[in-house]
Amino acid sequence: MTSLMLISAGLNAMLGAALLLLWQQDKRYPYVRDWGWSWILLSMGLTLGLALIPEQQEGWLYDLQALTASSCIMGSMSLQVAGARNYRGLVWKLRQWLPLFLGMMISIVAMAGIDHSYAVITAATYLLFGCWLCAWWMGHGGHSGERFVAACFVAAGLVHASGPLLDPHSRSPITHTLGLFVQTTLSLGLILLSAARAHAETRRQTDRFTKLAEHSLQGLGVLQNHRVVYTNPAARAIFGFDPGAKQPNDLVDALVPPELRNAARDRHQRIIADPNARVEWVATRLTQKGEPIYIRGLSSHLEWDGAPAELMVMIDDSSRQLAVDALRRQALHDELTDLPNRNFAVERLRELTYLGAPRFALISADLDRFQLVNESLGHAVGDALLHAVAQRLCKRLPPLATLSRLGEDQFLVLLEGEPSPEVVQCVAGDMLAMLESPFALEGAELFVHMSLGAALFPQDGRDGASLLRAADSAMHKAKGKAGASFLFFDPAMNGAARARLEAEQSLGKAIAEREFLLEYQPKFSAGSRQLCGFEALVRWERPGRGRISPAEFVPAAERTGQIKALGALILDMATQQLREWLDRWGQVLPVAINVSPLQFDDAGFAARVLEKLAEYKLPPHAIEVEITETAAIGHLDRVLPQLHALRRQGVFCALDDFGTGQSSLTMLRQLPISTMKLDRSMIDPLPEAQASAVVKATCALGHSLQLAIVAEGVETESQAQAAEALGCTQLQGYHLGRPLPAAAAAALLAKAFETTASPAQLRADSMPTQPPSV
């Protein structure tokens, strides 16, 4: 009997240890732990039970051992029940089973106080019901393995019940023999069931992650020793392979460009060596057909088949990269000629003009009388000529020369490689010789002349800005000569700068003596072609020199700060003229005046405009303030408060040259404007389809903001009709009316008033139904 109990106790201890070792391998399954400790406690209870043989009815040691053995056996049963509940996902917390356990122990002790056999019967009853509860949870709705374990629990319960039936003290050899076999079978069943469930869960997890990988839109690849051991369908599709085909093995040779292979190998080695490695990278890779693609990836360390590997998560970023490249190219290249633009040239000069940098040269080239081509043949021919000149220059320039277009008809040639003055002279000669043959454009042959000016680094300037000024000075000096010519920069050319200074100084006197006059270019309502207003254009009639272009004196006035005085003079002349017209006809049409952003530096500008209107007793709508889109963007903090102040008093505000800046919808909503004037660059290509689409979208934007939309630079009837059809509400340009002296403008105004009842009717078709909110 003793040997049998020892064998049973030892076997239960080993089976419990096996279950605990199984739990240590994967601690996600707490029921394995519960059953392991249950069998350990059962072996302890059986071992302590040996000390009760032969029966000793007296002494505290006997009572203590009996209590401990009973506690171990009841604890074993409690853990069996907890394991069965955990197996079914029914958590049995300590606060739930501990009171039950203590209640069972108290009842057993109480029965033992009456008679030992009563305690045995009570304990056997608890064990019976505990095993049958386990059998219910394990077998209910379970598969064959679970039902087998449930049957073992039923048998175990019957074995426990047979104890007091066969022997009052449950010491029958039959009971212990049956218990040995049943407990062993149950233990093995639990081990196999736990292992099978763990393996099934592992398979489910594996299948789950396999499906995630196989259906992921991101490419996944695993590399070992620079060779591909796994790719998902997305990765194979990225590189142009059939998603269902076998992945390529040699990544370096098949997918990585030769010049990038060393970098890929170095990264692979770092990932393999560092378990915590996590490297983001972007690089060019090759498809199956050898086409380059742009890959953005994340590499990390991975254990694969017991060996370190590199896990790569990849996306094909080619589309975004192409968009970025296109934006970068757009920012640094001229759209018309596809040459680098001014931004590129300035940045390149910044890179080249450091202390001790090699010598280089700049050649500033400007087409002579190019504006005459635009005015006589149209801007389309002018654009075609610029494109043809750029192409011819690119073919004739040496390899180390970089050609840029600075704007309009001006080009810049950057000669690197430490050229000597003789080499620069030779290049300039080739450029001039290139223009000796005519350009055939739209059935006409055009002969073009060019003026060139060269500056050398570092003697003519030590930074990009000064070099550009020197080359431009030489070019402008060359323009003064007849025909095509070339000059190197000479410090004496700074005399031209002094001349410009003299012109700037003379501005003050010219403003004081009112040497300026205004011309008025009419604006017409779309559709009806009725006069709806004027734009005041300032002209300088300089005594002894004739008319000076605003392109010369307005920038000079802005540089010297005299633009404020000039603006005040223009406002005074415009309001004075409006007063004369109001006195003559009793009504006026609005006159737009252009305002420099520097005028908004004066916090009292808006107040002075309103004071001038009040001085001449003019209605607020008589004046319309125009500010260019670029100026509004660059000086928004100064412009916005002043425009709001004007708009609150009824003065209309217009955004001029729209389409040349980078205004946003948010900025347009902020500006209290009533009119948006489309730059001539948007109107000139009309009625071409792409240009029409841009103008139509812009008009739709303007209408949604309740703005009048003026088409500037209308030079043909086809442009006028297209602008009207696309949504422009006003037309302005040489086709409808050139800038007029005040007398001619008054005659046009008189004719308009004779045919229309009121200026409100003149403007009814061109203004928004209600002003935008201020």
# chains A, B, ... in the order shown; residues from 1 in each chain; ligands from 1

$ residues_around --residues "stretch 150-166 of chain A" --least-positions-apart "2" --cutoff "10 Å" --atoms "only C-alpha atoms" --output "ChimeraX atom specification"
/A:80,84,117-140,142,144-148,168-187,189-190

$ select_by_dssp --residues "stretch 441-535 of chain A" --states "alpha helix (DSSP H)" --output "NGL selection string"
:A and (464-479 or 494-512)

$ write_last_selection --atoms "C-alpha atoms" --output "PDB file, in the first residue's frame"
ATOM      1  CA  GLY A 464      26.434  86.579 -56.528  1.00  0.00           C
ATOM      2  CA  ALA A 465      24.493  89.824 -56.237  1.00  0.00           C
ATOM      3  CA  SER A 466      27.476  92.037 -57.029  1.00  0.00           C
ATOM      4  CA  LEU A 467      28.511  89.804 -59.943  1.00  0.00           C
ATOM      5  CA  LEU A 468      25.034  89.966 -61.412  1.00  0.00           C
ATOM      6  CA  ARG A 469      25.040  93.754 -61.065  1.00  0.00           C
ATOM      7  CA  ALA A 470      28.443  93.965 -62.747  1.00  0.00           C
ATOM      8  CA  ALA A 471      27.416  91.727 -65.642  1.00  0.00           C
ATOM      9  CA  ASP A 472      24.164  93.694 -66.059  1.00  0.00           C
ATOM     10  CA  SER A 473      26.059  96.992 -66.039  1.00  0.00           C
ATOM     11  CA  ALA A 474      28.342  95.729 -68.783  1.00  0.00           C
ATOM     12  CA  MET A 475      25.361  94.427 -70.761  1.00  0.00           C
ATOM     13  CA  HIS A 476      23.459  97.726 -70.478  1.00  0.00           C
ATOM     14  CA  LYS A 477      26.581  99.569 -71.577  1.00  0.00           C
ATOM     15  CA  ALA A 478      26.849  97.255 -74.577  1.00  0.00           C
ATOM     16  CA  LYS A 479      23.200  97.994 -75.416  1.00  0.00           C
ATOM     17  CA  ASN A 494      29.647 102.595 -62.131  1.00  0.00           C
ATOM     18  CA  GLY A 495      29.040 105.996 -63.680  1.00  0.00           C
ATOM     19  CA  ALA A 496      25.785 104.541 -64.916  1.00  0.00           C
ATOM     20  CA  ALA A 497      24.887 103.882 -61.313  1.00  0.00           C
ATOM     21  CA  ARG A 498      25.654 107.531 -60.564  1.00  0.00           C
ATOM     22  CA  ALA A 499      23.345 108.489 -63.369  1.00  0.00           C
ATOM     23  CA  ARG A 500      20.609 106.432 -61.828  1.00  0.00           C
ATOM     24  CA  LEU A 501      21.341 108.137 -58.537  1.00  0.00           C
ATOM     25  CA  GLU A 502      20.955 111.488 -60.231  1.00  0.00           C
ATOM     26  CA  ALA A 503      17.599 110.381 -61.576  1.00  0.00           C
ATOM     27  CA  GLU A 504      16.533 109.330 -58.097  1.00  0.00           C
ATOM     28  CA  GLN A 505      17.613 112.684 -56.722  1.00  0.00           C
ATOM     29  CA  SER A 506      15.652 114.520 -59.397  1.00  0.00           C
ATOM     30  CA  LEU A 507      12.471 112.723 -58.394  1.00  0.00           C
ATOM     31  CA  GLY A 508      12.002 114.951 -55.379  1.00  0.00           C
ATOM     32  CA  LYS A 509      12.103 118.095 -57.506  1.00  0.00           C
ATOM     33  CA  ALA A 510       9.833 116.511 -60.110  1.00  0.00           C
ATOM     34  CA  ILE A 511       7.235 115.669 -57.462  1.00  0.00           C
ATOM     35  CA  ALA A 512       7.429 119.131 -55.938  1.00  0.00           C
TER      36      ALA A 512
END

$ residues_around --residues "A:Leu452" --least-positions-apart "4" --cutoff "6 Å" --atoms "only C-alpha atoms" --output "PyMOL selection string"
chain A and resi 364-365+475+486

$ write_last_selection --atoms "N, CA and C atoms" --output "short mmCIF file (atom, residue, chain, number, x, y, z; two decimals), in the first residue's frame"
data_model
loop_
_atom_site.label_atom_id
_atom_site.label_comp_id
_atom_site.auth_asym_id
_atom_site.auth_seq_id
_atom_site.Cartn_x
_atom_site.Cartn_y
_atom_site.Cartn_z
N SER A 364 25.97 88.18 -69.08
CA SER A 364 24.58 88.60 -69.11
C SER A 364 24.21 88.95 -70.55
N ALA A 365 23.17 88.31 -71.07
CA ALA A 365 22.77 88.49 -72.47
C ALA A 365 21.32 88.96 -72.52
N MET A 475 26.33 94.71 -69.71
CA MET A 475 25.36 94.43 -70.76
C MET A 475 24.60 95.70 -71.15
N PHE A 486 29.57 93.25 -77.26
CA PHE A 486 29.98 92.56 -76.03
C PHE A 486 31.00 93.42 -75.31
#

$ residues_around --residues "A:Phe447" --least-positions-apart "2" --cutoff "7 Å" --atoms "only C-alpha atoms" --output "NGL selection string"
:A and (437-439 or 445 or 449)

$ write_last_selection --atoms "N, CA and C atoms" --output "PDB file, in the first residue's frame"
ATOM      1  N   SER A 437      22.399  84.172 -88.365  1.00  0.00           N
ATOM      2  CA  SER A 437      21.389  83.568 -89.242  1.00  0.00           C
ATOM      3  C   SER A 437      20.016  83.826 -88.653  1.00  0.00           C
ATOM      4  N   PRO A 438      18.996  84.006 -89.514  1.00  0.00           N
ATOM      5  CA  PRO A 438      17.666  84.381 -89.012  1.00  0.00           C
ATOM      6  C   PRO A 438      16.945  83.189 -88.371  1.00  0.00           C
ATOM      7  N   PHE A 439      15.897  83.520 -87.641  1.00  0.00           N
ATOM      8  CA  PHE A 439      15.012  82.522 -87.042  1.00  0.00           C
ATOM      9  C   PHE A 439      13.726  82.474 -87.868  1.00  0.00           C
ATOM     10  N   GLU A 445      10.945  85.347 -91.249  1.00  0.00           N
ATOM     11  CA  GLU A 445      12.344  85.253 -90.841  1.00  0.00           C
ATOM     12  C   GLU A 445      12.685  86.466 -89.994  1.00  0.00           C
ATOM     13  N   HIS A 449      19.308  90.622 -82.592  1.00  0.00           N
ATOM     14  CA  HIS A 449      20.596  91.063 -82.063  1.00  0.00           C
ATOM     15  C   HIS A 449      20.599  90.904 -80.549  1.00  0.00           C
TER      16      HIS A 449
END

$ atom_distance --atom1 "atom CA of A:Asp383" --atom2 "atom CA of A:Phe370"
10.3 Å

$ residues_around --residues "A:Asn343" --least-positions-apart "3" --cutoff "10 Å" --atoms "only C-alpha atoms" --output "list in words"
Ala331, Leu332, His333, Asp334, Pro340, Val346, Glu347, Arg348, Leu349, Ser404, Arg405 and Leu406 of chain A

$ residues_around --residues "A:Leu518" --least-positions-apart "3" --cutoff "8 Å" --atoms "only C-alpha atoms" --output "list of chain:residue names"
A:Ala536, A:Leu537, A:Val538, A:Arg539, A:Ile570, A:Met573, A:Ala574, A:Pro741, A:Ala742

$ write_last_selection --atoms "C-alpha atoms" --output "mmCIF file, in the first residue's frame"
data_model
loop_
_atom_site.group_PDB
_atom_site.id
_atom_site.type_symbol
_atom_site.label_atom_id
_atom_site.label_comp_id
_atom_site.auth_asym_id
_atom_site.auth_seq_id
_atom_site.Cartn_x
_atom_site.Cartn_y
_atom_site.Cartn_z
ATOM 1 C CA ALA A 536 -5.052 106.017 -63.699
ATOM 2 C CA LEU A 537 -1.524 105.532 -65.088
ATOM 3 C CA VAL A 538 1.208 107.959 -64.046
ATOM 4 C CA ARG A 539 3.602 109.484 -66.605
ATOM 5 C CA ILE A 570 -1.189 110.781 -57.924
ATOM 6 C CA MET A 573 -4.393 114.563 -59.314
ATOM 7 C CA ALA A 574 -6.914 111.730 -59.621
ATOM 8 C CA PRO A 741 -5.102 111.912 -71.739
ATOM 9 C CA ALA A 742 -7.601 113.511 -69.404
#

$ residues_around --residues "A:Asp679" --least-positions-apart "6" --cutoff "9 Å" --atoms "only C-alpha atoms" --output "MDAnalysis selection string"
chainID A and resid 656:660 710:713

$ closest_atom_pairs --of "stretch 480-531 of chain A" --to "stretch 716-726 of chain A" --cutoff "12 Å" --atoms "only C-alpha atoms" --output "JSON lines"
{"residue": "A:Phe524", "atom": "CA", "partner": "A:Ala720", "partner_atom": "CA", "distance": 10.6}
{"residue": "A:Ser525", "atom": "CA", "partner": "A:Glu724", "partner_atom": "CA", "distance": 9.3}
{"residue": "A:Ala526", "atom": "CA", "partner": "A:Glu724", "partner_atom": "CA", "distance": 5.6}
{"residue": "A:Gly527", "atom": "CA", "partner": "A:Glu724", "partner_atom": "CA", "distance": 6.5}
{"residue": "A:Ser528", "atom": "CA", "partner": "A:Glu724", "partner_atom": "CA", "distance": 10.1}
{"residue": "A:Arg529", "atom": "CA", "partner": "A:Ala720", "partner_atom": "CA", "distance": 9.9}

$ atom_distance --atom1 "atom CA of A:Asp338" --atom2 "atom CA of A:Cys699"
28.7 Å

$ closest_residue --among "A:Ala13, A:Ala622, A:Ile363, A:Leu610" --to "A:Cys532" --atoms "only C-alpha atoms"
A:Ala622

$ closest_residue --among "A:Lys523, A:His621, A:Arg320, A:Arg648" --to "A:Gln730" --atoms "only C-alpha atoms"
A:Lys523

$ atom_distance --atom1 "atom CA of A:Gly240" --atom2 "atom CA of A:Ala323"
21.4 Å
